[in-house]
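Structure file run.cif; described as mmCIF, C-alpha atoms.
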```cif
data_target
#
loop_
_atom_site.label_atom_id
_atom_site.label_comp_id
_atom_site.auth_asym_id
_atom_site.auth_seq_id
_atom_site.Cartn_x
_atom_site.Cartn_y
_atom_site.Cartn_z
CA MET A 1 -12.61 -7.32 -17.49
CA SER A 2 -13.20 -3.77 -16.23
CA LYS A 3 -10.54 -1.91 -14.27
CA ARG A 4 -12.75 -2.00 -11.19
CA LEU A 5 -13.09 -5.79 -11.33
CA GLN A 6 -9.36 -6.14 -11.92
CA LYS A 7 -8.67 -3.94 -8.89
CA ASN A 8 -11.07 -5.96 -6.71
CA LYS A 9 -9.49 -9.20 -7.87
CA PHE A 10 -6.02 -7.83 -7.16
CA LEU A 11 -6.96 -6.69 -3.65
CA LYS A 12 -8.73 -9.96 -2.89
CA THR A 13 -5.78 -12.04 -4.08
CA TYR A 14 -2.94 -10.17 -2.41
CA GLY A 15 -4.98 -8.93 0.55
CA ALA A 16 -5.03 -12.54 1.72
CA PHE A 17 -1.23 -12.47 1.92
CA THR A 18 -1.35 -9.25 3.95
CA ARG A 19 -3.81 -10.77 6.41
CA ALA A 20 -1.58 -13.83 6.70
CA GLY A 21 1.36 -11.52 7.45
CA VAL A 22 -0.57 -9.82 10.25
CA MET A 23 -1.65 -13.15 11.75
CA ASP A 24 1.92 -14.45 11.57
CA ALA A 25 3.25 -11.35 13.37
CA VAL A 26 0.62 -11.73 16.10
CA ALA A 27 1.20 -15.48 16.44
CA TYR A 28 4.93 -15.00 16.97
CA LYS A 29 4.71 -11.75 18.92
CA MET A 30 7.18 -12.95 21.58
CA ASN A 31 9.93 -13.21 18.94
CA PHE A 32 8.95 -9.75 17.76
CA ILE A 33 9.06 -8.32 21.30
CA CYS A 34 12.39 -9.93 22.17
CA PHE A 35 13.97 -8.70 18.94
CA PHE A 36 12.69 -5.17 19.58
CA ILE A 37 14.02 -5.16 23.16
CA GLY A 38 17.39 -6.28 21.81
CA GLU A 39 17.41 -3.41 19.31
CA ILE A 40 16.55 -0.85 22.00
CA PHE A 41 19.28 -2.28 24.26
CA TYR A 42 21.73 -1.89 21.35
CA CYS A 43 20.69 1.78 21.03
CA PHE A 44 21.45 2.45 24.69
CA VAL A 45 24.82 0.70 24.44
CA MET A 46 25.70 2.89 21.45
CA TYR A 47 24.43 5.93 23.35
CA PHE A 48 26.96 5.44 26.16
CA ILE A 49 29.75 4.78 23.65
CA TRP A 50 29.07 8.00 21.76
CA LYS A 51 28.58 9.91 25.00
CA ALA A 52 32.13 8.91 25.97
CA VAL A 53 33.36 10.02 22.53
CA PHE A 54 31.73 13.45 22.87
CA GLU A 55 33.01 13.93 26.41
CA SER A 56 36.56 12.99 25.41
CA SER A 57 36.45 15.38 22.43
CA GLY A 58 36.09 18.32 24.82
CA SER A 59 33.61 19.96 22.47
CA GLY A 60 29.85 20.20 22.27
CA THR A 61 29.93 18.93 18.70
CA PHE A 62 31.71 16.13 16.89
CA MET A 63 31.87 16.13 13.07
CA SER A 64 29.01 18.69 12.97
CA PHE A 65 26.82 16.45 15.20
CA SER A 66 25.81 17.52 18.69
CA MET A 67 25.13 14.89 21.35
CA THR A 68 21.41 15.55 20.88
CA ASP A 69 21.81 14.95 17.14
CA MET A 70 23.67 11.73 17.88
CA VAL A 71 20.95 10.40 20.17
CA VAL A 72 18.26 11.21 17.62
CA TYR A 73 20.37 9.62 14.88
CA LEU A 74 20.97 6.43 16.88
CA PHE A 75 17.32 5.77 17.64
CA LEU A 76 16.01 6.86 14.25
CA SER A 77 18.57 4.88 12.24
CA ASN A 78 17.90 1.80 14.36
CA ILE A 79 14.12 2.01 14.07
CA THR A 80 14.44 2.77 10.35
CA MET A 81 16.55 -0.35 9.81
CA PHE A 82 14.09 -2.30 11.97
CA PHE A 83 11.16 -1.12 9.85
CA THR A 84 12.82 -1.49 6.44
CA ASP A 85 14.37 -4.86 7.30
CA THR A 86 12.92 -7.61 5.15
CA ASP A 87 12.94 -11.39 5.44
CA SER A 88 12.51 -11.91 1.70
CA THR A 89 16.03 -13.30 1.25
CA TYR A 90 15.61 -15.82 4.08
CA ALA A 91 12.02 -16.75 3.15
CA ILE A 92 12.81 -17.35 -0.52
CA GLY A 93 16.00 -19.22 0.30
CA GLU A 94 14.20 -21.57 2.68
CA GLU A 95 11.31 -22.20 0.29
CA ILE A 96 13.71 -22.96 -2.54
CA LYS A 97 15.75 -25.28 -0.32
CA ASP A 98 12.75 -27.30 0.86
CA GLY A 99 10.87 -27.08 -2.44
CA SER A 100 7.79 -25.36 -1.02
CA ILE A 101 8.21 -22.46 -3.45
CA VAL A 102 6.48 -24.70 -5.99
CA MET A 103 3.19 -23.87 -4.23
CA ARG A 104 3.68 -20.22 -5.16
CA LEU A 105 4.69 -21.03 -8.72
CA ILE A 106 1.57 -23.05 -9.49
CA LYS A 107 -0.76 -20.28 -8.30
CA PRO A 108 -1.91 -17.46 -10.63
CA ILE A 109 0.06 -14.84 -8.70
CA GLN A 110 3.25 -12.84 -9.04
CA VAL A 111 5.82 -14.34 -6.70
CA ASP A 112 7.43 -11.02 -5.77
CA LEU A 113 4.05 -9.42 -4.93
CA SER A 114 3.03 -12.38 -2.79
CA TYR A 115 6.12 -11.87 -0.62
CA LEU A 116 5.69 -8.08 -0.62
CA PHE A 117 2.06 -8.08 0.53
CA TYR A 118 2.79 -10.74 3.14
CA GLU A 119 5.49 -8.51 4.61
CA LEU A 120 3.20 -5.47 4.52
CA GLY A 121 1.04 -7.30 7.05
CA ASN A 122 4.04 -7.58 9.36
CA LYS A 123 5.03 -3.97 8.78
CA SER A 124 1.56 -2.69 9.68
CA LEU A 125 2.07 -4.14 13.16
CA VAL A 126 5.60 -2.73 13.42
CA MET A 127 4.35 0.70 12.35
CA SER A 128 1.59 0.87 14.96
CA THR A 129 3.34 -0.75 17.93
CA VAL A 130 6.99 0.26 17.51
CA PHE A 131 7.74 2.81 14.81
CA PHE A 132 5.41 5.64 15.83
CA PRO A 133 6.03 5.20 19.60
CA VAL A 134 9.79 5.54 19.02
CA ILE A 135 9.23 8.66 16.89
CA ILE A 136 7.12 10.14 19.70
CA GLY A 137 9.84 9.23 22.22
CA VAL A 138 12.47 10.98 20.09
CA GLU A 139 10.33 14.13 19.91
CA ILE A 140 9.82 14.09 23.69
CA TYR A 141 13.60 13.81 24.14
CA LYS A 142 14.17 16.75 21.77
CA TYR A 143 11.59 18.81 23.69
CA ASN A 144 13.26 18.07 27.03
CA VAL A 145 16.64 19.13 25.66
CA ALA A 146 15.57 22.19 23.64
CA GLY A 147 12.71 23.33 25.86
CA HIS A 148 10.36 23.76 22.92
CA ILE A 149 8.55 21.61 20.36
CA ALA A 150 10.88 21.05 17.40
CA PHE A 151 8.59 18.77 15.38
CA ASP A 152 8.35 19.74 11.70
CA ILE A 153 5.41 18.19 9.85
CA GLY A 154 7.00 18.88 6.46
CA LYS A 155 10.20 17.04 7.33
CA PHE A 156 8.16 14.22 8.85
CA LEU A 157 6.10 13.72 5.67
CA LEU A 158 9.25 13.71 3.53
CA PHE A 159 10.78 11.28 6.03
CA MET A 160 7.79 8.94 5.69
CA LEU A 161 7.97 9.09 1.89
CA SER A 162 11.68 8.32 2.10
CA ILE A 163 10.95 5.43 4.49
CA ILE A 164 8.53 3.91 1.97
CA LEU A 165 11.16 4.18 -0.77
CA SER A 166 13.73 2.67 1.61
CA TYR A 167 11.54 -0.32 2.40
CA LEU A 168 10.71 -1.02 -1.25
CA LEU A 169 14.39 -0.73 -2.17
CA ALA A 170 15.35 -3.08 0.68
CA PHE A 171 12.67 -5.53 -0.41
CA TYR A 172 13.80 -5.77 -4.05
CA LEU A 173 17.48 -5.75 -3.10
CA ASN A 174 16.85 -8.71 -0.79
CA LEU A 175 14.64 -10.32 -3.41
CA VAL A 176 17.60 -10.40 -5.80
CA PHE A 177 19.72 -12.07 -3.10
CA GLY A 178 16.87 -14.49 -2.39
CA TYR A 179 16.63 -15.57 -6.02
CA MET A 180 20.32 -16.50 -5.87
CA ALA A 181 19.23 -19.56 -3.88
CA PHE A 182 18.18 -21.10 -7.20
CA PHE A 183 21.85 -21.14 -8.11
CA LEU A 184 23.62 -21.46 -4.74
CA MET A 185 20.96 -23.57 -2.95
CA ASN A 186 21.99 -22.25 0.49
CA LEU A 187 22.16 -18.55 1.34
CA TRP A 188 23.05 -18.74 5.04
CA GLY A 189 26.62 -17.42 4.73
CA LEU A 190 25.75 -14.94 1.97
CA ASN A 191 22.86 -13.60 4.04
CA ILE A 192 25.12 -12.91 7.03
CA LEU A 193 27.65 -11.17 4.76
CA LYS A 194 24.89 -9.10 3.14
CA GLY A 195 23.55 -8.01 6.53
CA SER A 196 27.00 -6.87 7.68
CA ILE A 197 27.62 -4.94 4.47
CA ILE A 198 24.24 -3.21 4.66
CA LYS A 199 24.71 -2.21 8.31
CA PHE A 200 28.10 -0.67 7.65
CA PHE A 201 27.48 1.07 4.33
CA SER A 202 23.99 2.29 5.30
CA GLY A 203 25.36 4.34 8.20
CA ALA A 204 23.53 2.26 10.79
CA ILE A 205 26.73 1.79 12.83
CA ILE A 206 28.63 5.01 12.08
CA PRO A 207 27.04 8.05 10.37
CA LEU A 208 28.44 8.39 6.87
CA ALA A 209 29.20 12.06 7.62
CA PHE A 210 31.93 10.88 10.02
CA PHE A 211 34.04 9.40 7.21
CA PRO A 212 36.49 11.45 5.09
CA GLU A 213 34.64 13.66 2.60
CA ILE A 214 35.51 11.61 -0.50
CA VAL A 215 34.50 8.37 1.24
CA THR A 216 31.22 9.94 2.39
CA LYS A 217 30.41 10.98 -1.18
CA ILE A 218 31.14 7.50 -2.54
CA PHE A 219 29.15 5.74 0.21
CA SER A 220 26.24 8.18 -0.24
CA LEU A 221 25.93 7.21 -3.91
CA MET A 222 25.67 3.50 -3.10
CA PRO A 223 22.21 1.92 -2.68
CA PHE A 224 22.84 1.07 0.98
CA ALA A 225 22.82 4.73 2.06
CA SER A 226 19.26 5.00 0.73
CA LEU A 227 18.11 2.33 3.18
CA SER A 228 18.71 4.20 6.42
CA TYR A 229 21.03 7.19 6.20
CA THR A 230 18.91 9.19 3.73
CA PRO A 231 15.57 9.10 5.59
CA VAL A 232 17.24 9.83 8.95
CA MET A 233 19.17 12.79 7.56
CA ILE A 234 15.92 14.11 6.07
CA TYR A 235 14.15 13.87 9.43
CA MET A 236 17.03 15.63 11.17
CA GLY A 237 17.01 18.45 8.61
CA LYS A 238 20.54 17.70 7.41
CA TYR A 239 19.31 17.36 3.82
CA THR A 240 17.61 20.41 2.36
CA GLY A 241 17.13 21.97 -1.06
CA LYS A 242 19.17 20.36 -3.84
CA ASP A 243 20.73 17.83 -1.46
CA LEU A 244 17.26 16.64 -0.46
CA LEU A 245 16.06 16.30 -4.06
CA PHE A 246 19.24 14.50 -5.06
CA ALA A 247 19.09 12.07 -2.12
CA MET A 248 15.45 11.15 -2.73
CA GLY A 249 16.04 10.97 -6.48
CA LEU A 250 18.84 8.52 -5.77
CA GLN A 251 16.42 6.41 -3.73
CA VAL A 252 14.01 6.29 -6.66
CA PHE A 253 16.85 5.43 -9.05
CA TRP A 254 18.08 2.49 -6.97
CA LEU A 255 14.53 1.27 -6.37
CA VAL A 256 13.80 1.19 -10.11
CA ALA A 257 17.20 -0.40 -10.80
CA PHE A 258 16.73 -3.25 -8.32
CA PHE A 259 13.12 -3.74 -9.40
CA PHE A 260 14.27 -4.48 -12.95
CA ILE A 261 17.30 -6.46 -11.76
CA SER A 262 14.93 -8.66 -9.73
CA LYS A 263 12.84 -9.29 -12.87
CA VAL A 264 15.93 -10.27 -14.88
CA VAL A 265 17.28 -12.58 -12.16
CA TRP A 266 13.81 -14.16 -11.80
CA LYS A 267 13.77 -15.00 -15.51
CA TRP A 268 17.15 -16.67 -15.14
CA ALA A 269 15.89 -18.51 -12.08
CA GLN A 270 12.86 -19.83 -13.97
CA LYS A 271 15.17 -21.30 -16.59
CA ARG A 272 17.11 -22.90 -13.75
CA ILE A 273 13.89 -24.47 -12.46
CA LEU A 274 13.18 -25.96 -15.86
CA VAL A 275 16.70 -27.40 -16.06
CA GLN A 276 16.38 -28.99 -12.62
CA GLY A 277 13.00 -30.42 -13.47
CA GLY A 278 13.96 -31.54 -16.93
#
```

When written as structure tokens, how does the structure in this file appear?
Amino acid sequence: MSKRLQKNKFLKTYGAFTRAGVMDAVAYKMNFICFFIGEIFYCFVMYFIWKAVFESSGSGTFMSFSMTDMVVYLFLSNITMFFTDTDSTYAIGEEIKDGSIVMRLIKPIQVDLSYLFYELGNKSLVMSTVFFPVIIGVEIYKYNVAGHIAFDIGKFLLFMLSIILSYLLAFYLNLVFGYMAFFLMNLWGLNILKGSIIKFFSGAIIPLAFFPEIVTKIFSLMPFASLSYTPVMIYMGKYTGKDLLFAMGLQVFWLVAFFFISKVVWKWAQKRILVQGG
């Protein structure tokens, strides 16, 4: 089979999952809207909390962050987590629990790619209706504060590349957790614990720069920092030169690591399926 035919077959097979993802997002748009409103409300709550912190500090900056930096960080980190969030753990866990994952196993497809392309359909809607509008809103806010356009196309392109790496890392990290359902059967508690760990160690609640220096260095090396903290710091211009290369290199490292870990865990899971069916 020629490469062109293989490519067409690939796109036809997994493109169907992407279309299904788009249709699912549109069909349940009210859930999507309510969740987004909740996230924006959370941003404003955090805004007033940090405003009080800055006012009580008696200084225009706090831990090298100005109030403008903090507002940008809050909205960008939240929208980044919103975009890179993946339901792969929940989806796999539910399908394993009710047995419907068998329908994926009997088809001539790669299970991980079927979930990935399905989610890409959802993300295309998030990108067009939420992600870019929030970015525009952040730039308007920066313009109102600074009095001039501060948008940097170079930083934005690096930010988008980092966002892609963040999403893929989040997907395969959650895929590994999802495969654990073959062994644990129910991931409800583990999923809640995982979400809390990711939010804290990714800097989504408190910027990692606010911790003691040694703690910041340790947290920055962990995979969770690559999910949110790294792309936001790139957009804000906090990472430049060697720091930028190292941070993005770390994203690639953790992505490759969890990609291969997911393959190993999947092989173990397949043996588990055979034992259960034997």

Who sits within 12 Å of range 32-38 of chain A, only C-alpha atoms, same chain under 5 positions skipped, as a PDB file with C-alpha atoms, in the frame of the given file:
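What ended up in part.pdb:
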```pdb
ATOM      1  CA  ASP A  24       1.920 -14.450  11.570  1.00  0.00           C
ATOM      2  CA  ALA A  25       3.250 -11.350  13.370  1.00  0.00           C
ATOM      3  CA  VAL A  26       0.620 -11.730  16.100  1.00  0.00           C
ATOM      4  CA  ALA A  27       1.200 -15.480  16.440  1.00  0.00           C
ATOM      5  CA  CYS A  43      20.690   1.780  21.030  1.00  0.00           C
ATOM      6  CA  PHE A  44      21.450   2.450  24.690  1.00  0.00           C
ATOM      7  CA  VAL A  45      24.820   0.700  24.440  1.00  0.00           C
ATOM      8  CA  ASN A  78      17.900   1.800  14.360  1.00  0.00           C
ATOM      9  CA  ILE A  79      14.120   2.010  14.070  1.00  0.00           C
ATOM     10  CA  MET A  81      16.550  -0.350   9.810  1.00  0.00           C
ATOM     11  CA  PHE A  82      14.090  -2.300  11.970  1.00  0.00           C
ATOM     12  CA  PHE A  83      11.160  -1.120   9.850  1.00  0.00           C
ATOM     13  CA  ASN A 122       4.040  -7.580   9.360  1.00  0.00           C
ATOM     14  CA  LYS A 123       5.030  -3.970   8.780  1.00  0.00           C
ATOM     15  CA  LEU A 125       2.070  -4.140  13.160  1.00  0.00           C
ATOM     16  CA  VAL A 126       5.600  -2.730  13.420  1.00  0.00           C
ATOM     17  CA  THR A 129       3.340  -0.750  17.930  1.00  0.00           C
ATOM     18  CA  VAL A 130       6.990   0.260  17.510  1.00  0.00           C
ATOM     19  CA  PHE A 131       7.740   2.810  14.810  1.00  0.00           C
ATOM     20  CA  VAL A 134       9.790   5.540  19.020  1.00  0.00           C
TER      21      VAL A 134
END
```

Wanna dump the range 18-101 of chain A-range 236-257 of chain A contacts at 10 Å for me, each residue with its shortest atom pair and the distance in Å to one decimal, counting all atoms listed in the file, ordered by chain and number, as a tab-separated table?
```
residue	atom	partner	partner_atom	distance
A:Asp69	CA	A:Met236	CA	7.7
A:Val72	CA	A:Met236	CA	7.9
A:Tyr73	CA	A:Met236	CA	7.8
A:Leu76	CA	A:Met236	CA	9.4
```

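Distances to Ser88 in chain A were evaluated for A:Leu173, A:Thr230, A:Ile135, A:Phe54 using all atoms listed in the file, and the minimum falls at A:Leu173.
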
Residues of range 149-228 of chain A at most 9 Å from range 109-120 of chain A: nearest atom pair and distance in Å, all atoms listed in the file, as CSV:
```
residue,atom,partner,partner_atom,distance
A:Leu168,CA,A:Leu116,CA,8.7
A:Phe171,CA,A:Leu116,CA,7.4
A:Tyr172,CA,A:Asp112,CA,8.4
A:Leu175,CA,A:Asp112,CA,7.6
```

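Residues surrounding Tyr179 in chain A within 7 Å are Ile92, Val265, Trp266 and Ala269 of chain A [all atoms listed in the file; sequence separation below 6 positions excluded].
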
Would you kindly translate the PyMOL selection byres ((chain A and resi 159) around 8) into the concrete residues it picks from this file, as a CSV table (one decimal) with C-alpha atoms, in the frame of the given file?
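Written output follows (selection.csv):
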```csv
chain,number,residue,atom,x,y,z
A,155,LYS,CA,10.2,17.0,7.3
A,156,PHE,CA,8.2,14.2,8.8
A,157,LEU,CA,6.1,13.7,5.7
A,158,LEU,CA,9.2,13.7,3.5
A,160,MET,CA,7.8,8.9,5.7
A,161,LEU,CA,8.0,9.1,1.9
A,162,SER,CA,11.7,8.3,2.1
A,163,ILE,CA,11.0,5.4,4.5
A,231,PRO,CA,15.6,9.1,5.6
A,232,VAL,CA,17.2,9.8,9.0
A,234,ILE,CA,15.9,14.1,6.1
A,235,TYR,CA,14.2,13.9,9.4
```

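For the choices A:Glu39, A:Asp85, A:Glu213, A:Glu94, the atom-to-atom distance to Gly178 in chain A is smallest for A:Glu94 when using all atoms listed in the file.
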
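Rounded to one decimal, CA of Met67 in chain A and CA of Trp50 in chain A lie 7.9 Å from each other.
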
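For the atom pair formed by CA of Val264 in chain A and CA of Leu184 in chain A, the distance is 16.9 Å, given to one decimal.
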
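With CA of Gly195 in chain A on one side and CA of Thr84 in chain A on the other, the separation reads 12.6 Å.
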
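Of the listed residues A:Asn31, A:Ile198, A:Ile136, A:Phe177, the one whose atoms come nearest to Ile149 in chain A is A:Ile136, with distances taken using all atoms listed in the file.
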
Would you compute an axis-aligned box for range 12-15 of chain A, covering every atom listed for it in the file with 8 Å of margin on each side, and report centre and edge lengths in Å to one decimal as AutoDock Vina command-line options?
```
--center_x -5.8 --center_y -10.5 --center_z -1.8 --size_x 21.8 --size_y 19.1 --size_z 20.6
```
